[in-house]
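Working notes for the structure below.
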There are 2 protein chains.
Amino acid sequence: MSSEADIIARLAREVPSRIGARHPADVPRGIGDDAAVVRARPGRDWVVSTDAFIEGRHFLSRIHPADAVGFKALARATSDLAAMGARPRYFLLTLALPVRKAGAWLDEFARGMSRAARRFRMHLIGGDVSRDEHMHAAVTVIGEAPRTGVLTRSGGNPGDAVFVTGRLGAAQAGLDLLQREGARALTRHAGSYFLVRHLRPEPRLALGTWLAANRLASAAMDISDGLSTDLARLCAASRAGAVIHAASLPFALDDHLRARRSESPYQSAARLRRALHGGEDYELLFTVPRRNLSRVPARFRGVPITRIGELTARGTILLVTDGRTRKLRALGWDHFARH
Amino acid sequence: MSSEADIIARLAREVPSRIGARHPADVPRGIGDDAAVVRARPGRDWVVSTDAFIEGRHFLSRIHPADAVGFKALARATSDLAAMGARPRYFLLTLALPVRKAGAWLDEFARGMSRAARRFRMHLIGGDVSRDEHMHAAVTVIGEAPRTGVLTRSGGNPGDAVFVTGRLGAAQAGLDLLQREGARALTRHAGSYFLVRHLRPEPRLALGTWLAANRLASAAMDISDGLSTDLARLCAASRAGAVIHAASLPFALDDHLRARRSESPYQSAARLRRALHGGEDYELLFTVPRRNLSRVPARFRGVPITRIGELTARGTILLVTDGRTRKLRALGWDHFARH
């Protein structure tokens with residue numbers, strides 16, 4: 001049976017953490033003390049965010065492999081740094097585990113988290129381990145940004161164009177597939193883009209820092225709970241409304257599923273619903289003033305950037321579909337709402 | 001029924017957070033965006049730690065009032081900053097709640113957390129709210145410390161004297177009382193020191209910053225899991241052993257309980273066991289080189305400081321009781337250990 005010290009040692013061995021090694025100048029203290037010490041570089045601010053990842057809420061042990069849980073727990077929190085235009089540096093992990101998950105499951109979890117940490121160039125600098133009936137993770141991420149500015153939700157103005165990165169609805173389609181077919185979908189559809197986006201989302205870090213450094217965007221956030229819900233948040237923070245064109249939405253497609261004639265993800269009503277309300281795409285949603293429009297590329301490092309509408313002065317969010325305009329209700333994810 | 005936005009708004013209204021208000025120069029962005037932005041003052045580092053507080057593990061809804069849960073969730077994490085000699089500034093809260101706790105319970109919780117935040121002069125700058133079957137909090141605290149140094153666990157040397165603050169075993173005695181008498185102990189023993197220390201622990205912040213500023217201590221940590229367990233951690237980090245004198249231990253007493261002749265907490269075996277292994281006192285444990293001994297006061301701002309032993313070169317921890325020496329086993333709190 002594991003002790004807390006054993007669990008911490010196993011995590012620190014697997015995940016980049018510099019435990020026992022020489023700390024760089026900007027982390028005088030990492031794991032192993034009561035707290036970590038981080039030193040800002042001149043002209044840089046720290047950008048901090050925290051996110052929960054809970055068994056039965058954010059993932060299901062029945063269908064989600066432990067390494068994907070570890071990857072996604074970190075990716076989800078790191079996406080908030082992408083949305084601010086910050087460069088990820090460190091993270092802290094608060095982990096509550098049932099005993100049955102403290103063995104092989106934890107090792108797989110740590111491997112997935114390690115893969116994400118290496119991909120995003122982050123180091124684990126602290127945490128807390130306790131026991132619970134089901135697994136709970138809370139991840140606090142720390143990024144750095146130049147003082148000249150971060151991206152925020154509140155800077156949008158009427159007339160600004162609304163953009164999204166990537167393709168919407170992929171993560172929800174991946175979850176639907178897993179729920180429909182169970183864990184065997186993991187092998188049957190191993191090449192599926194939907195599954196990859198659902199299990200190992202890719203925060204749009206490079207684009208976020210590029211937008212911030214070039215001061216192109218007036219407002220930005222990541223799409224974690226669904227476009228309809230997150231756009232409403234951006235509009236509320238910017239005191240604006242928006243008009244979105246359904247025909248412009250970049251729907252996610254999956255060549256693997258198409259080739260296998262798993263047609264159902266392509267039904268258009270489901271596709272629109274997932275693009276509007278499906279959560280966990282971790283794409284960026286951002287607004288650009290007209291004067292900057294010519295500087296927004298169609299793709300950035302292979303990721304499509306799509307104009308889907310514009311901000312308006314009115315406080316409502318409208319969706320235009322086949323020439324008809326209706327109010328777009330926020331039907332994305334809300335843990336406490338009844339849909 | 002509450003929405004996430006409603007819960008966040010209620011927390012931000014109750015707990016000092018500067019939401020909607022003008023942020024000070026060192027928090028350009030607080031609650032309400034994807035992440036918070038913190039700006040270090042020249043010559044200062046940020047000190048960061050995270051701690052879980054879980055229903056059924058760290059507290060029991062049957063006996064622990066919601067406001068004490070809120071207070072203690074923050075106090076517990078903040079004690080790690082005291083142990084580093086850092087001044088608390090900000091915190092982030094990841095909160096998972098069952099629906100039955102999203103109403104009056106949450107408001108009481110927020111009031112208790114607010115009380116702690118005001119007492120420790122901290123501001124809430126971010127967080128995450130989700131739903132779960134029972135309540136989970138993860139609190140990330142951010143403090144600041146001069147670059148000239150923090151207190152760490154690893155600087156102790158053989159020959160250094162070992163000190164503790166306050167009186168040991170009070171929090172455990174408070175928990176024992178609550179478990180024995182149930183929630184009615186809260187009114188019956190409203191003046192009990194044991195209950196106060198258990199429900200609203202006081203991180204030794206002033207002493208921590210004073211020790212760090214005056215470079216008196218060679219090593220320090222807070223006692224969260226019990227002296228025997230935490231001293232073993234300090235010794236491991238400092239690659240030292242220790243000898244502790246049972247007769248020197250500052251046992252917690254409770255005038256209220258004595259006056260009421262609730263005698264059982266005073267039985268000496270139980271008292272020693274609680275002082276050695278009882279968790280959650282959040283007192284400081286620190287070591288002082290001989291050359292600095294004369295500068296350690298007997299009290300600091302009313303809190304007793306007691307010398308209980310010294311570090312040794314051997315890797316074992318010994319307890320001297322009535323002239324007999326035995327090995328002190330680490331029998332404090334470990335979520336994954338079997339006692």
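Chains: A, B, ... in order of the structure tokens. Residues: from 1 per chain. Ligands: from 1, in order shown.
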Residues of chain B within 7 Å of chain A, counting only C-alpha atoms, what are they? List them as number ranges by chain.
B: 2-4, 33-40, 45-52, 80-81, 83-84, 92, 94, 126-128, 130-131, 138, 152-153, 221, 334-337
Selection export as a compact mmCIF listing (two decimals), in the first residue's frame, atoms kept: C-alpha atoms:
# COMPACT_ATOMS: atom_id res chain seq x y z
CA SER B 2 -27.95 28.34 -8.44
CA SER B 3 -25.90 28.62 -11.59
CA GLU B 4 -22.12 28.61 -11.60
CA ASP B 33 -11.17 36.52 -16.60
CA ASP B 34 -9.62 33.24 -17.68
CA ALA B 35 -6.74 33.83 -15.27
CA ALA B 36 -5.47 36.39 -12.79
CA VAL B 37 -2.36 38.47 -13.36
CA VAL B 38 -0.03 39.21 -10.44
CA ARG B 39 2.90 41.60 -10.56
CA ALA B 40 5.84 41.07 -8.23
CA ASP B 45 9.44 36.56 -4.91
CA TRP B 46 6.05 34.86 -4.98
CA VAL B 47 5.59 31.88 -2.67
CA VAL B 48 2.91 29.42 -3.79
CA SER B 49 1.22 26.45 -2.13
CA THR B 50 -1.96 24.41 -2.52
CA ASP B 51 -4.06 22.32 -0.13
CA ALA B 52 -7.24 20.26 -0.30
CA ASP B 80 2.28 26.85 4.55
CA LEU B 81 3.11 30.49 3.82
CA ALA B 83 6.16 28.16 7.46
CA MET B 84 8.10 29.76 4.60
CA LEU B 92 -7.57 30.87 -5.66
CA THR B 94 -11.43 25.38 -6.61
CA GLY B 126 -9.62 33.30 -9.13
CA GLY B 127 -11.14 29.87 -8.95
CA ASP B 128 -13.35 27.21 -10.42
CA SER B 130 -18.20 22.53 -10.16
CA ARG B 131 -20.67 20.06 -8.77
CA ALA B 138 -8.63 23.12 -3.13
CA THR B 152 12.83 25.98 4.29
CA ARG B 153 12.79 22.48 5.71
CA MET B 221 7.82 24.02 8.63
CA ASP B 334 -1.12 10.06 6.50
CA HIS B 335 -4.11 9.66 4.17
CA PHE B 336 -2.76 6.45 2.73
CA ALA B 337 -1.08 4.82 5.72
List every residue of stretch 83-182 of chain A that DSSP, applied to the backbone of this structure, assigns to strand (DSSP E), and report them as number ranges by chain.
A: 87-97, 123-131, 136-146, 161-165
Among B:Ala190, B:Ala240, B:Leu331, B:Ala161, B:Thr287 is approached most closely, using only C-alpha atoms, by B:Ala161
So, with only C-alpha atoms as the atoms that count, which of B:Arg314, B:Arg290, B:Arg324, B:Arg271 lies closest to B:Ser238?
B:Arg314
